Amino acid sequence: VSGVLYFLINPMFIAVSPRLTELVAKDEQPKLVDTYHIASQWLAVMIIPAALVMIVFPDALLVAWTGDVGLAHRAAPLLALLALGTLFNSFIQVPYALQLAYGWTSLALRMNIVSAIWVVPAIFWSVPRYGAVAAAWVWFARQVLNVIVHLHFLHRRHLPLEKWRLYRDAILKPLVVGSVAVLFLRQCIVLPHGRIKMVAVMVAIGLLVMGAVLCVVPASWVFLRLQFKMLRRAFGNG
């Protein structure tokens, strides 16, 4: 279920990678910075609402998918942690595309080697003691460390002035606002019993959270202003 998020992550990565590579090759720094932030913010708009619904409503989603309340109750912690880890993994997708655009592949290689050194022993030690949920915790911890380390070293070498803007506009603001919105909805909405109704409610919650995230992402305001100007121009010409 958490892997569904990659159906949203991968198209953005595939779309933005050649554009970043082109801008790096042409040394068009202002356009490169704009593209980097716009892509990061739109990815946040797509991923954060969907991931937060999985994190806050894992039992409801699993009931809608399987129809098995007992299974949903047992697997809900796993889904929440896996979705949380995948959410953090999404935060480094556009930075990773920028890294590849500069031809810098050694950073990812080194990070994967370091991760393997501690991830494999952590799984072998924790899973026999605490079960499958321990593996999910390891996955989440690995992604959090990846975000911190990857963004630090990437921006120390490339676009050093853009790290905190990325944190603010593509991670912290949409994540905080989206979390508040989804937790508020969790308290206010009474979930239905039917599976079809449950799916409809989950989709509606995701759209409401996305609306909240759109309100704080600068790229969405730029897009809306552009659309408004185009409409004014169209009606004015008419």
# chains A, B, ... in the order shown; residues from 1 in each chain; ligands from 1
>>> residues_around(residues="Leu172 (chain A)", least_positions_apart="3", cutoff="12 Å", atoms="only C-alpha atoms", output="list of chain:residue names")
A:Gln41, A:Ala44, A:Ile48, A:Phe88, A:Phe91, A:Trp164, A:Arg165, A:Leu166, A:Tyr167, A:Arg168, A:Asp169, A:Leu175, A:Val176, A:Val177, A:Gly178, A:Ser179, A:Val213, A:Val216, A:Val217
>>> residues_around(residues="region 53-68 of chain A", least_positions_apart="3", cutoff="8 Å", atoms="only C-alpha atoms", output="JSON, numbers by chain")
{"A": [2, 49, 50, 71, 72, 73, 75, 76, 77, 79, 80, 81, 83, 84, 182, 183, 186, 191, 194, 195, 196, 198, 199, 202, 205, 206]}
>>> write_last_selection(atoms="N, CA and C atoms", output="mmCIF file, in the first residue's frame")
data_model
loop_
_atom_site.group_PDB
_atom_site.id
_atom_site.type_symbol
_atom_site.label_atom_id
_atom_site.label_comp_id
_atom_site.auth_asym_id
_atom_site.auth_seq_id
_atom_site.Cartn_x
_atom_site.Cartn_y
_atom_site.Cartn_z
ATOM 1 N N SER A 2 1.890 1.261 0.853
ATOM 2 C CA SER A 2 2.760 2.442 0.902
ATOM 3 C C SER A 2 3.516 2.626 -0.407
ATOM 4 N N PRO A 49 -0.056 14.952 1.214
ATOM 5 C CA PRO A 49 -1.441 14.582 1.575
ATOM 6 C C PRO A 49 -1.689 13.086 1.525
ATOM 7 N N ALA A 50 -1.224 12.427 0.466
ATOM 8 C CA ALA A 50 -1.450 10.983 0.339
ATOM 9 C C ALA A 50 -0.751 10.221 1.454
ATOM 10 N N LEU A 71 -7.074 -7.991 10.406
ATOM 11 C CA LEU A 71 -5.834 -7.809 9.660
ATOM 12 C C LEU A 71 -5.444 -6.338 9.610
ATOM 13 N N ALA A 72 -6.430 -5.488 9.387
ATOM 14 C CA ALA A 72 -6.157 -4.056 9.322
ATOM 15 C C ALA A 72 -5.596 -3.539 10.642
ATOM 16 N N HIS A 73 -6.154 -4.011 11.737
ATOM 17 C CA HIS A 73 -5.685 -3.575 13.054
ATOM 18 C C HIS A 73 -4.242 -4.014 13.294
ATOM 19 N N ALA A 75 -1.913 -4.762 10.943
ATOM 20 C CA ALA A 75 -0.971 -4.231 9.952
ATOM 21 C C ALA A 75 -0.891 -2.713 9.940
ATOM 22 N N ALA A 76 -1.819 -2.046 10.629
ATOM 23 C CA ALA A 76 -1.863 -0.578 10.588
ATOM 24 C C ALA A 76 -0.550 0.076 11.027
ATOM 25 N N PRO A 77 0.097 -0.364 12.120
ATOM 26 C CA PRO A 77 1.376 0.264 12.499
ATOM 27 C C PRO A 77 2.444 0.126 11.424
ATOM 28 N N LEU A 79 1.935 -0.074 8.121
ATOM 29 C CA LEU A 79 1.615 0.840 7.027
ATOM 30 C C LEU A 79 1.982 2.268 7.403
ATOM 31 N N ALA A 80 1.665 2.684 8.619
ATOM 32 C CA ALA A 80 1.960 4.053 9.044
ATOM 33 C C ALA A 80 3.461 4.334 8.973
ATOM 34 N N LEU A 81 4.270 3.406 9.469
ATOM 35 C CA LEU A 81 5.719 3.617 9.472
ATOM 36 C C LEU A 81 6.305 3.562 8.061
ATOM 37 N N ALA A 83 4.750 4.249 5.268
ATOM 38 C CA ALA A 83 4.339 5.465 4.566
ATOM 39 C C ALA A 83 5.147 6.672 5.033
ATOM 40 N N LEU A 84 5.439 6.723 6.336
ATOM 41 C CA LEU A 84 6.242 7.821 6.865
ATOM 42 C C LEU A 84 7.660 7.775 6.291
ATOM 43 N N VAL A 182 -4.898 16.970 8.664
ATOM 44 C CA VAL A 182 -5.324 15.571 8.702
ATOM 45 C C VAL A 182 -5.658 15.132 10.123
ATOM 46 N N LEU A 183 -4.953 15.650 11.118
ATOM 47 C CA LEU A 183 -5.282 15.309 12.506
ATOM 48 C C LEU A 183 -6.617 15.926 12.924
ATOM 49 N N ARG A 186 -9.241 13.781 11.418
ATOM 50 C CA ARG A 186 -9.332 12.509 12.145
ATOM 51 C C ARG A 186 -10.244 12.637 13.350
ATOM 52 N N LEU A 191 -15.926 7.709 10.547
ATOM 53 C CA LEU A 191 -15.668 6.851 9.395
ATOM 54 C C LEU A 191 -16.838 5.900 9.149
ATOM 55 N N GLY A 194 -18.998 0.790 5.272
ATOM 56 C CA GLY A 194 -18.876 0.168 3.957
ATOM 57 C C GLY A 194 -17.531 0.466 3.311
ATOM 58 N N ARG A 195 -17.006 -0.506 2.560
ATOM 59 C CA ARG A 195 -15.689 -0.334 1.951
ATOM 60 C C ARG A 195 -15.701 0.751 0.884
ATOM 61 N N ILE A 196 -16.728 0.797 0.064
ATOM 62 C CA ILE A 196 -16.803 1.818 -0.980
ATOM 63 C C ILE A 196 -16.919 3.206 -0.358
ATOM 64 N N MET A 198 -15.865 4.013 2.544
ATOM 65 C CA MET A 198 -14.583 4.294 3.185
ATOM 66 C C MET A 198 -13.585 4.854 2.182
ATOM 67 N N VAL A 199 -13.528 4.257 0.994
ATOM 68 C CA VAL A 199 -12.629 4.754 -0.050
ATOM 69 C C VAL A 199 -12.983 6.191 -0.417
ATOM 70 N N MET A 202 -11.788 8.525 2.296
ATOM 71 C CA MET A 202 -10.333 8.674 2.271
ATOM 72 C C MET A 202 -9.896 9.616 1.150
ATOM 73 N N ILE A 205 -10.774 13.161 2.186
ATOM 74 C CA ILE A 205 -9.826 13.657 3.185
ATOM 75 C C ILE A 205 -8.509 14.039 2.520
ATOM 76 N N GLY A 206 -8.031 13.196 1.609
ATOM 77 C CA GLY A 206 -6.795 13.508 0.901
ATOM 78 C C GLY A 206 -6.888 14.810 0.126
#
>>> closest_atom_pairs(of="region 8-91 of chain A", to="region 101-117 of chain A", cutoff="8 Å", atoms="only C-alpha atoms", output="Markdown table")
| residue | atom | partner | partner_atom | distance |
| --- | --- | --- | --- | --- |
| A:Ser17 | CA | A:Ala101 | CA | 7.0 |
| A:Pro18 | CA | A:Ala101 | CA | 7.7 |
| A:Leu20 | CA | A:Ala101 | CA | 5.9 |
| A:Thr21 | CA | A:Ala101 | CA | 4.3 |
| A:Glu22 | CA | A:Ala101 | CA | 7.9 |
| A:Val24 | CA | A:Ala101 | CA | 6.5 |
>>> write_last_selection(atoms="C-alpha atoms", output="PDB file, in the first residue's frame")
ATOM      1  CA  SER A  17      15.703  15.025 -14.239  1.00  0.00           C
ATOM      2  CA  PRO A  18      16.311  15.908 -17.922  1.00  0.00           C
ATOM      3  CA  LEU A  20      17.755  19.923 -14.459  1.00  0.00           C
ATOM      4  CA  THR A  21      20.459  18.276 -16.550  1.00  0.00           C
ATOM      5  CA  GLU A  22      19.759  20.666 -19.418  1.00  0.00           C
ATOM      6  CA  VAL A  24      23.170  22.555 -15.553  1.00  0.00           C
TER       7      VAL A  24
END
>>> closest_residue(among="A:Pro95, A:Gly85, A:Gly70, A:Gly131", to="Thr35 (chain A)", atoms="only C-alpha atoms")
A:Pro95
>>> residues_around(residues="Ala134 (chain A)", least_positions_apart="5", cutoff="12 Å", atoms="only C-alpha atoms", output="list in words")
Pro77, Leu78, Leu81, Leu82, Val119, Ala122, Ile123, Phe124, Trp125, Ser126, Val127, Pro128, Arg129, Trp139, Phe140 and Ala141 of chain A
>>> write_last_selection(atoms="N, CA, C and O atoms", output="PDB file, in the first residue's frame")
ATOM      1  N   PRO A  77       0.097  -0.364  12.120  1.00  0.00           N
ATOM      2  CA  PRO A  77       1.376   0.264  12.499  1.00  0.00           C
ATOM      3  C   PRO A  77       2.444   0.126  11.424  1.00  0.00           C
ATOM      4  O   PRO A  77       3.249   1.033  11.212  1.00  0.00           O
ATOM      5  N   LEU A  78       2.453  -1.019  10.732  1.00  0.00           N
ATOM      6  CA  LEU A  78       3.422  -1.211   9.653  1.00  0.00           C
ATOM      7  C   LEU A  78       3.182  -0.222   8.516  1.00  0.00           C
ATOM      8  O   LEU A  78       4.118   0.394   8.005  1.00  0.00           O
ATOM      9  N   LEU A  81       4.270   3.406   9.469  1.00  0.00           N
ATOM     10  CA  LEU A  81       5.719   3.617   9.472  1.00  0.00           C
ATOM     11  C   LEU A  81       6.305   3.562   8.061  1.00  0.00           C
ATOM     12  O   LEU A  81       7.182   4.363   7.709  1.00  0.00           O
ATOM     13  N   LEU A  82       5.829   2.611   7.262  1.00  0.00           N
ATOM     14  CA  LEU A  82       6.336   2.509   5.890  1.00  0.00           C
ATOM     15  C   LEU A  82       5.956   3.748   5.075  1.00  0.00           C
ATOM     16  O   LEU A  82       6.763   4.252   4.286  1.00  0.00           O
ATOM     17  N   VAL A 119      22.117  -0.754   8.629  1.00  0.00           N
ATOM     18  CA  VAL A 119      20.744  -1.227   8.430  1.00  0.00           C
ATOM     19  C   VAL A 119      20.647  -2.742   8.565  1.00  0.00           C
ATOM     20  O   VAL A 119      19.749  -3.268   9.252  1.00  0.00           O
ATOM     21  N   ALA A 122      20.989  -3.883  12.124  1.00  0.00           N
ATOM     22  CA  ALA A 122      19.828  -3.418  12.885  1.00  0.00           C
ATOM     23  C   ALA A 122      18.617  -4.307  12.645  1.00  0.00           C
ATOM     24  O   ALA A 122      17.860  -4.626  13.576  1.00  0.00           O
ATOM     25  N   ILE A 123      18.412  -4.726  11.400  1.00  0.00           N
ATOM     26  CA  ILE A 123      17.285  -5.608  11.087  1.00  0.00           C
ATOM     27  C   ILE A 123      17.480  -6.982  11.726  1.00  0.00           C
ATOM     28  O   ILE A 123      16.555  -7.539  12.329  1.00  0.00           O
ATOM     29  N   PHE A 124      18.691  -7.531  11.586  1.00  0.00           N
ATOM     30  CA  PHE A 124      18.945  -8.860  12.166  1.00  0.00           C
ATOM     31  C   PHE A 124      18.801  -8.849  13.686  1.00  0.00           C
ATOM     32  O   PHE A 124      18.386  -9.848  14.286  1.00  0.00           O
ATOM     33  N   TRP A 125      19.125  -7.727  14.321  1.00  0.00           N
ATOM     34  CA  TRP A 125      19.018  -7.658  15.776  1.00  0.00           C
ATOM     35  C   TRP A 125      17.593  -7.386  16.228  1.00  0.00           C
ATOM     36  O   TRP A 125      17.106  -7.985  17.186  1.00  0.00           O
ATOM     37  N   SER A 126      16.887  -6.482  15.542  1.00  0.00           N
ATOM     38  CA  SER A 126      15.601  -5.996  16.049  1.00  0.00           C
ATOM     39  C   SER A 126      14.407  -6.851  15.648  1.00  0.00           C
ATOM     40  O   SER A 126      13.474  -7.035  16.444  1.00  0.00           O
ATOM     41  N   VAL A 127      14.422  -7.398  14.425  1.00  0.00           N
ATOM     42  CA  VAL A 127      13.237  -8.125  13.945  1.00  0.00           C
ATOM     43  C   VAL A 127      12.948  -9.372  14.782  1.00  0.00           C
ATOM     44  O   VAL A 127      11.781  -9.614  15.143  1.00  0.00           O
ATOM     45  N   PRO A 128      13.946 -10.214  15.122  1.00  0.00           N
ATOM     46  CA  PRO A 128      13.621 -11.373  15.969  1.00  0.00           C
ATOM     47  C   PRO A 128      13.073 -10.987  17.336  1.00  0.00           C
ATOM     48  O   PRO A 128      12.334 -11.765  17.947  1.00  0.00           O
ATOM     49  N   ARG A 129      13.424  -9.813  17.822  1.00  0.00           N
ATOM     50  CA  ARG A 129      12.975  -9.373  19.144  1.00  0.00           C
ATOM     51  C   ARG A 129      11.618  -8.672  19.109  1.00  0.00           C
ATOM     52  O   ARG A 129      10.807  -8.842  20.004  1.00  0.00           O
ATOM     53  N   TRP A 139      13.529   1.201   8.443  1.00  0.00           N
ATOM     54  CA  TRP A 139      13.288   1.883   7.160  1.00  0.00           C
ATOM     55  C   TRP A 139      13.049   3.370   7.379  1.00  0.00           C
ATOM     56  O   TRP A 139      13.628   4.217   6.691  1.00  0.00           O
ATOM     57  N   PHE A 140      12.221   3.697   8.356  1.00  0.00           N
ATOM     58  CA  PHE A 140      11.933   5.103   8.644  1.00  0.00           C
ATOM     59  C   PHE A 140      13.191   5.844   9.100  1.00  0.00           C
ATOM     60  O   PHE A 140      13.486   6.946   8.619  1.00  0.00           O
ATOM     61  N   ALA A 141      13.949   5.239  10.019  1.00  0.00           N
ATOM     62  CA  ALA A 141      15.174   5.881  10.515  1.00  0.00           C
ATOM     63  C   ALA A 141      16.169   6.118   9.379  1.00  0.00           C
ATOM     64  O   ALA A 141      16.816   7.170   9.313  1.00  0.00           O
TER      65      ALA A 141
END
>>> select_by_dssp(residues="region 116-225 of chain A", states="alpha helix (DSSP H)", output="JSON, numbers by chain")
{"A": [116, 117, 118, 119, 120, 121, 122, 123, 124, 125, 126, 127, 128, 129, 130, 132, 133, 134, 135, 136, 137, 138, 139, 140, 141, 142, 143, 144, 145, 146, 147, 148, 149, 150, 151, 152, 153, 154, 155, 156, 157, 163, 164, 165, 166, 173, 174, 175, 176, 177, 178, 179, 180, 181, 182, 183, 184, 185, 186, 187, 188, 195, 196, 197, 198, 199, 200, 201, 202, 203, 204, 205, 206, 207, 208, 209, 210, 211, 212, 213, 214, 218, 219, 220, 221, 222, 223, 224, 225]}
>>> atom_distance(atom1="CA of Val180 (chain A)", atom2="CA of Lys197 (chain A)")
23.7 Å
>>> atom_distance(atom1="CA of Cys215 (chain A)", atom2="CA of Met12 (chain A)")
20.6 Å
>>> atom_distance(atom1="CA of Gln93 (chain A)", atom2="CA of Pro121 (chain A)")
26.1 Å
